[in-house]
Amino acid sequence: MGKKDFNHILLFANLRDSSIHTMFMRFEIDVYFIDENKRVFDKASLKPWRFYKAKKQAKYVLETKKGVLKIKIGDYLDFI
């Protein structure tokens with residue numbers, strides 16, 4: 001939050017809630033919601049000062065700057 005640019009990928013695990021906000025952000029982000037099988041079940045592209053709640057509870061949430069990754073709903077990811 002508060003940064004003018006972002007060149008990383010953030011992965012959040014074992015969440016209590018699958019909602020996200022972009023308060024205080026200065027650029028758009030892509031957010032991928034991933035289930036316990038590491039399958040992407042929802043995606044949101046969010047502009048600054050927005051709020052989004054996934055369709056169901058996610059095991060993992062992956063965030064990156066908009067347009068960096070070409071992941072689609074239904075894709076399986078492999079990470080440790």
# chains A, B, ... in the order shown; residues from 1 in each chain; ligands from 1
call {"tool": "residues_around", "arguments": {"residues": "stretch 56-59 of chain A", "least_positions_apart": "3", "cutoff": "12 Å", "atoms": "only C-alpha atoms", "output": "list in words"}}
result
Leu11, Phe12, Ala13, Asn14, Leu15, Arg16, Asp17, Ser18, Ser19, Ile20, Val31, Tyr32, Phe33, Ile34, Asp35, Glu36, Asn37, Lys38, Arg39, Val40, Phe41, Asp42, Lys43, Tyr52, Lys53 and Leu62 of chain A
call {"tool": "residues_around", "arguments": {"residues": "stretch 45-48 of chain A", "least_positions_apart": "3", "cutoff": "7 Å", "atoms": "only C-alpha atoms", "output": "NGL selection string"}}
result
:A and (22-31 or 66)
call {"tool": "write_last_selection", "arguments": {"atoms": "C-alpha atoms", "output": "mmCIF file, in the first residue's frame"}}
result
data_model
loop_
_atom_site.group_PDB
_atom_site.id
_atom_site.type_symbol
_atom_site.label_atom_id
_atom_site.label_comp_id
_atom_site.auth_asym_id
_atom_site.auth_seq_id
_atom_site.Cartn_x
_atom_site.Cartn_y
_atom_site.Cartn_z
ATOM 1 C CA THR A 22 -7.137 -1.779 -2.689
ATOM 2 C CA MET A 23 -7.401 1.136 -0.299
ATOM 3 C CA PHE A 24 -4.319 3.374 -0.478
ATOM 4 C CA MET A 25 -3.122 1.599 -3.653
ATOM 5 C CA ARG A 26 -1.937 3.731 -6.582
ATOM 6 C CA PHE A 27 -2.213 1.168 -9.402
ATOM 7 C CA GLU A 28 -4.393 -1.714 -10.560
ATOM 8 C CA ILE A 29 -3.781 -5.260 -9.392
ATOM 9 C CA ASP A 30 -4.868 -8.744 -10.434
ATOM 10 C CA VAL A 31 -5.985 -11.016 -7.617
ATOM 11 C CA LYS A 66 -2.314 -5.965 -13.391
#
call {"tool": "closest_residue", "arguments": {"among": "A:Arg50, A:Lys65, A:His21, A:Lys55", "to": "A:Phe6", "atoms": "only C-alpha atoms"}}
result
A:Lys65
call {"tool": "select_by_dssp", "arguments": {"residues": "chain A", "states": "strand (DSSP E)", "output": "PyMOL selection string"}}
result
chain A and resi 9-13+19-21+29-34+40-46+51-53+60-65
call {"tool": "closest_residue", "arguments": {"among": "A:Phe79, A:His8, A:Gly74, A:Ala44", "to": "A:Tyr60", "atoms": "only C-alpha atoms"}}
result
A:Phe79
call {"tool": "decode", "arguments": {"residues": "stretch 54-67 of chain A", "atoms": "all heavy atoms", "output": "PDB file, in the first residue's frame"}}
result
ATOM      1  N   ALA A  54     -14.373 -12.945  -2.864  1.00  0.00           N
ATOM      2  CA  ALA A  54     -14.380 -14.115  -3.743  1.00  0.00           C
ATOM      3  C   ALA A  54     -15.696 -14.875  -3.634  1.00  0.00           C
ATOM      4  O   ALA A  54     -16.421 -14.756  -2.643  1.00  0.00           O
ATOM      5  CB  ALA A  54     -13.217 -15.028  -3.394  1.00  0.00           C
ATOM      6  N   LYS A  55     -15.965 -15.702  -4.641  1.00  0.00           N
ATOM      7  CA  LYS A  55     -17.201 -16.482  -4.702  1.00  0.00           C
ATOM      8  C   LYS A  55     -17.292 -17.504  -3.577  1.00  0.00           C
ATOM      9  O   LYS A  55     -18.373 -17.889  -3.170  1.00  0.00           O
ATOM     10  CB  LYS A  55     -17.289 -17.190  -6.049  1.00  0.00           C
ATOM     11  CG  LYS A  55     -17.342 -16.220  -7.204  1.00  0.00           C
ATOM     12  CD  LYS A  55     -17.274 -16.934  -8.527  1.00  0.00           C
ATOM     13  CE  LYS A  55     -17.235 -15.897  -9.641  1.00  0.00           C
ATOM     14  NZ  LYS A  55     -17.055 -16.500 -10.940  1.00  0.00           N
ATOM     15  N   LYS A  56     -16.152 -17.988  -3.106  1.00  0.00           N
ATOM     16  CA  LYS A  56     -16.095 -18.904  -1.971  1.00  0.00           C
ATOM     17  C   LYS A  56     -14.789 -18.654  -1.220  1.00  0.00           C
ATOM     18  O   LYS A  56     -13.957 -17.859  -1.658  1.00  0.00           O
ATOM     19  CB  LYS A  56     -16.208 -20.358  -2.437  1.00  0.00           C
ATOM     20  CG  LYS A  56     -15.041 -20.827  -3.277  1.00  0.00           C
ATOM     21  CD  LYS A  56     -15.189 -22.301  -3.662  1.00  0.00           C
ATOM     22  CE  LYS A  56     -13.938 -22.808  -4.354  1.00  0.00           C
ATOM     23  NZ  LYS A  56     -13.994 -24.225  -4.643  1.00  0.00           N
ATOM     24  N   GLN A  57     -14.613 -19.350  -0.109  1.00  0.00           N
ATOM     25  CA  GLN A  57     -13.405 -19.191   0.701  1.00  0.00           C
ATOM     26  C   GLN A  57     -12.190 -19.754  -0.036  1.00  0.00           C
ATOM     27  O   GLN A  57     -12.223 -20.880  -0.514  1.00  0.00           O
ATOM     28  CB  GLN A  57     -13.574 -19.898   2.051  1.00  0.00           C
ATOM     29  CG  GLN A  57     -12.372 -19.816   2.946  1.00  0.00           C
ATOM     30  CD  GLN A  57     -12.004 -18.399   3.348  1.00  0.00           C
ATOM     31  OE1 GLN A  57     -12.866 -17.560   3.547  1.00  0.00           O
ATOM     32  NE2 GLN A  57     -10.726 -18.128   3.456  1.00  0.00           N
ATOM     33  N   ALA A  58     -11.135 -18.969  -0.113  1.00  0.00           N
ATOM     34  CA  ALA A  58      -9.899 -19.392  -0.772  1.00  0.00           C
ATOM     35  C   ALA A  58      -8.906 -19.911   0.264  1.00  0.00           C
ATOM     36  O   ALA A  58      -8.871 -19.443   1.401  1.00  0.00           O
ATOM     37  CB  ALA A  58      -9.277 -18.224  -1.524  1.00  0.00           C
ATOM     38  N   LYS A  59      -8.107 -20.862  -0.145  1.00  0.00           N
ATOM     39  CA  LYS A  59      -6.993 -21.341   0.681  1.00  0.00           C
ATOM     40  C   LYS A  59      -5.791 -20.415   0.492  1.00  0.00           C
ATOM     41  O   LYS A  59      -5.040 -20.159   1.420  1.00  0.00           O
ATOM     42  CB  LYS A  59      -6.643 -22.770   0.270  1.00  0.00           C
ATOM     43  CG  LYS A  59      -5.416 -23.339   0.880  1.00  0.00           C
ATOM     44  CD  LYS A  59      -5.672 -23.882   2.246  1.00  0.00           C
ATOM     45  CE  LYS A  59      -4.393 -24.557   2.763  1.00  0.00           C
ATOM     46  NZ  LYS A  59      -4.577 -25.191   4.018  1.00  0.00           N
ATOM     47  N   TYR A  60      -5.626 -19.917  -0.753  1.00  0.00           N
ATOM     48  CA  TYR A  60      -4.534 -19.012  -1.101  1.00  0.00           C
ATOM     49  C   TYR A  60      -5.074 -17.841  -1.912  1.00  0.00           C
ATOM     50  O   TYR A  60      -6.032 -17.982  -2.670  1.00  0.00           O
ATOM     51  CB  TYR A  60      -3.477 -19.715  -1.960  1.00  0.00           C
ATOM     52  CG  TYR A  60      -2.980 -21.006  -1.402  1.00  0.00           C
ATOM     53  CD1 TYR A  60      -3.507 -22.218  -1.823  1.00  0.00           C
ATOM     54  CD2 TYR A  60      -1.961 -21.028  -0.460  1.00  0.00           C
ATOM     55  CE1 TYR A  60      -3.045 -23.419  -1.325  1.00  0.00           C
ATOM     56  CE2 TYR A  60      -1.486 -22.222   0.050  1.00  0.00           C
ATOM     57  CZ  TYR A  60      -2.037 -23.415  -0.384  1.00  0.00           C
ATOM     58  OH  TYR A  60      -1.574 -24.597   0.121  1.00  0.00           O
ATOM     59  N   VAL A  61      -4.425 -16.693  -1.774  1.00  0.00           N
ATOM     60  CA  VAL A  61      -4.725 -15.529  -2.613  1.00  0.00           C
ATOM     61  C   VAL A  61      -3.392 -15.026  -3.164  1.00  0.00           C
ATOM     62  O   VAL A  61      -2.445 -14.813  -2.415  1.00  0.00           O
ATOM     63  CB  VAL A  61      -5.437 -14.413  -1.815  1.00  0.00           C
ATOM     64  CG1 VAL A  61      -5.579 -13.166  -2.656  1.00  0.00           C
ATOM     65  CG2 VAL A  61      -6.799 -14.885  -1.343  1.00  0.00           C
ATOM     66  N   LEU A  62      -3.351 -14.860  -4.467  1.00  0.00           N
ATOM     67  CA  LEU A  62      -2.143 -14.396  -5.147  1.00  0.00           C
ATOM     68  C   LEU A  62      -2.425 -13.011  -5.710  1.00  0.00           C
ATOM     69  O   LEU A  62      -3.443 -12.811  -6.367  1.00  0.00           O
ATOM     70  CB  LEU A  62      -1.793 -15.376  -6.270  1.00  0.00           C
ATOM     71  CG  LEU A  62      -0.477 -15.144  -6.971  1.00  0.00           C
ATOM     72  CD1 LEU A  62       0.188 -16.487  -7.223  1.00  0.00           C
ATOM     73  CD2 LEU A  62      -0.682 -14.443  -8.272  1.00  0.00           C
ATOM     74  N   GLU A  63      -1.543 -12.059  -5.433  1.00  0.00           N
ATOM     75  CA  GLU A  63      -1.691 -10.681  -5.919  1.00  0.00           C
ATOM     76  C   GLU A  63      -0.481 -10.290  -6.749  1.00  0.00           C
ATOM     77  O   GLU A  63       0.645 -10.622  -6.408  1.00  0.00           O
ATOM     78  CB  GLU A  63      -1.765  -9.695  -4.750  1.00  0.00           C
ATOM     79  CG  GLU A  63      -2.970  -9.772  -3.907  1.00  0.00           C
ATOM     80  CD  GLU A  63      -2.939  -8.716  -2.816  1.00  0.00           C
ATOM     81  OE1 GLU A  63      -2.191  -7.715  -2.930  1.00  0.00           O
ATOM     82  OE2 GLU A  63      -3.649  -8.887  -1.823  1.00  0.00           O
ATOM     83  N   THR A  64      -0.731  -9.552  -7.809  1.00  0.00           N
ATOM     84  CA  THR A  64       0.344  -9.011  -8.631  1.00  0.00           C
ATOM     85  C   THR A  64      -0.163  -7.773  -9.358  1.00  0.00           C
ATOM     86  O   THR A  64      -1.360  -7.515  -9.415  1.00  0.00           O
ATOM     87  CB  THR A  64       0.866 -10.067  -9.626  1.00  0.00           C
ATOM     88  OG1 THR A  64       2.008  -9.556 -10.283  1.00  0.00           O
ATOM     89  CG2 THR A  64      -0.177 -10.446 -10.631  1.00  0.00           C
ATOM     90  N   LYS A  65       0.743  -7.019  -9.903  1.00  0.00           N
ATOM     91  CA  LYS A  65       0.379  -5.857 -10.715  1.00  0.00           C
ATOM     92  C   LYS A  65      -0.440  -6.342 -11.916  1.00  0.00           C
ATOM     93  O   LYS A  65      -0.183  -7.409 -12.462  1.00  0.00           O
ATOM     94  CB  LYS A  65       1.650  -5.142 -11.184  1.00  0.00           C
ATOM     95  CG  LYS A  65       1.416  -3.826 -11.845  1.00  0.00           C
ATOM     96  CD  LYS A  65       2.760  -3.149 -12.110  1.00  0.00           C
ATOM     97  CE  LYS A  65       2.580  -1.865 -12.857  1.00  0.00           C
ATOM     98  NZ  LYS A  65       3.881  -1.214 -13.078  1.00  0.00           N
ATOM     99  N   LYS A  66      -1.413  -5.571 -12.317  1.00  0.00           N
ATOM    100  CA  LYS A  66      -2.314  -5.965 -13.391  1.00  0.00           C
ATOM    101  C   LYS A  66      -1.558  -6.313 -14.681  1.00  0.00           C
ATOM    102  O   LYS A  66      -0.663  -5.596 -15.106  1.00  0.00           O
ATOM    103  CB  LYS A  66      -3.326  -4.855 -13.690  1.00  0.00           C
ATOM    104  CG  LYS A  66      -4.337  -5.275 -14.728  1.00  0.00           C
ATOM    105  CD  LYS A  66      -5.392  -4.243 -14.941  1.00  0.00           C
ATOM    106  CE  LYS A  66      -6.187  -4.693 -16.141  1.00  0.00           C
ATOM    107  NZ  LYS A  66      -7.557  -4.573 -16.040  1.00  0.00           N
ATOM    108  N   GLY A  67      -1.930  -7.462 -15.263  1.00  0.00           N
ATOM    109  CA  GLY A  67      -1.400  -7.867 -16.555  1.00  0.00           C
ATOM    110  C   GLY A  67      -0.071  -8.597 -16.539  1.00  0.00           C
ATOM    111  O   GLY A  67       0.433  -8.983 -17.589  1.00  0.00           O
TER     112      GLY A  67
END
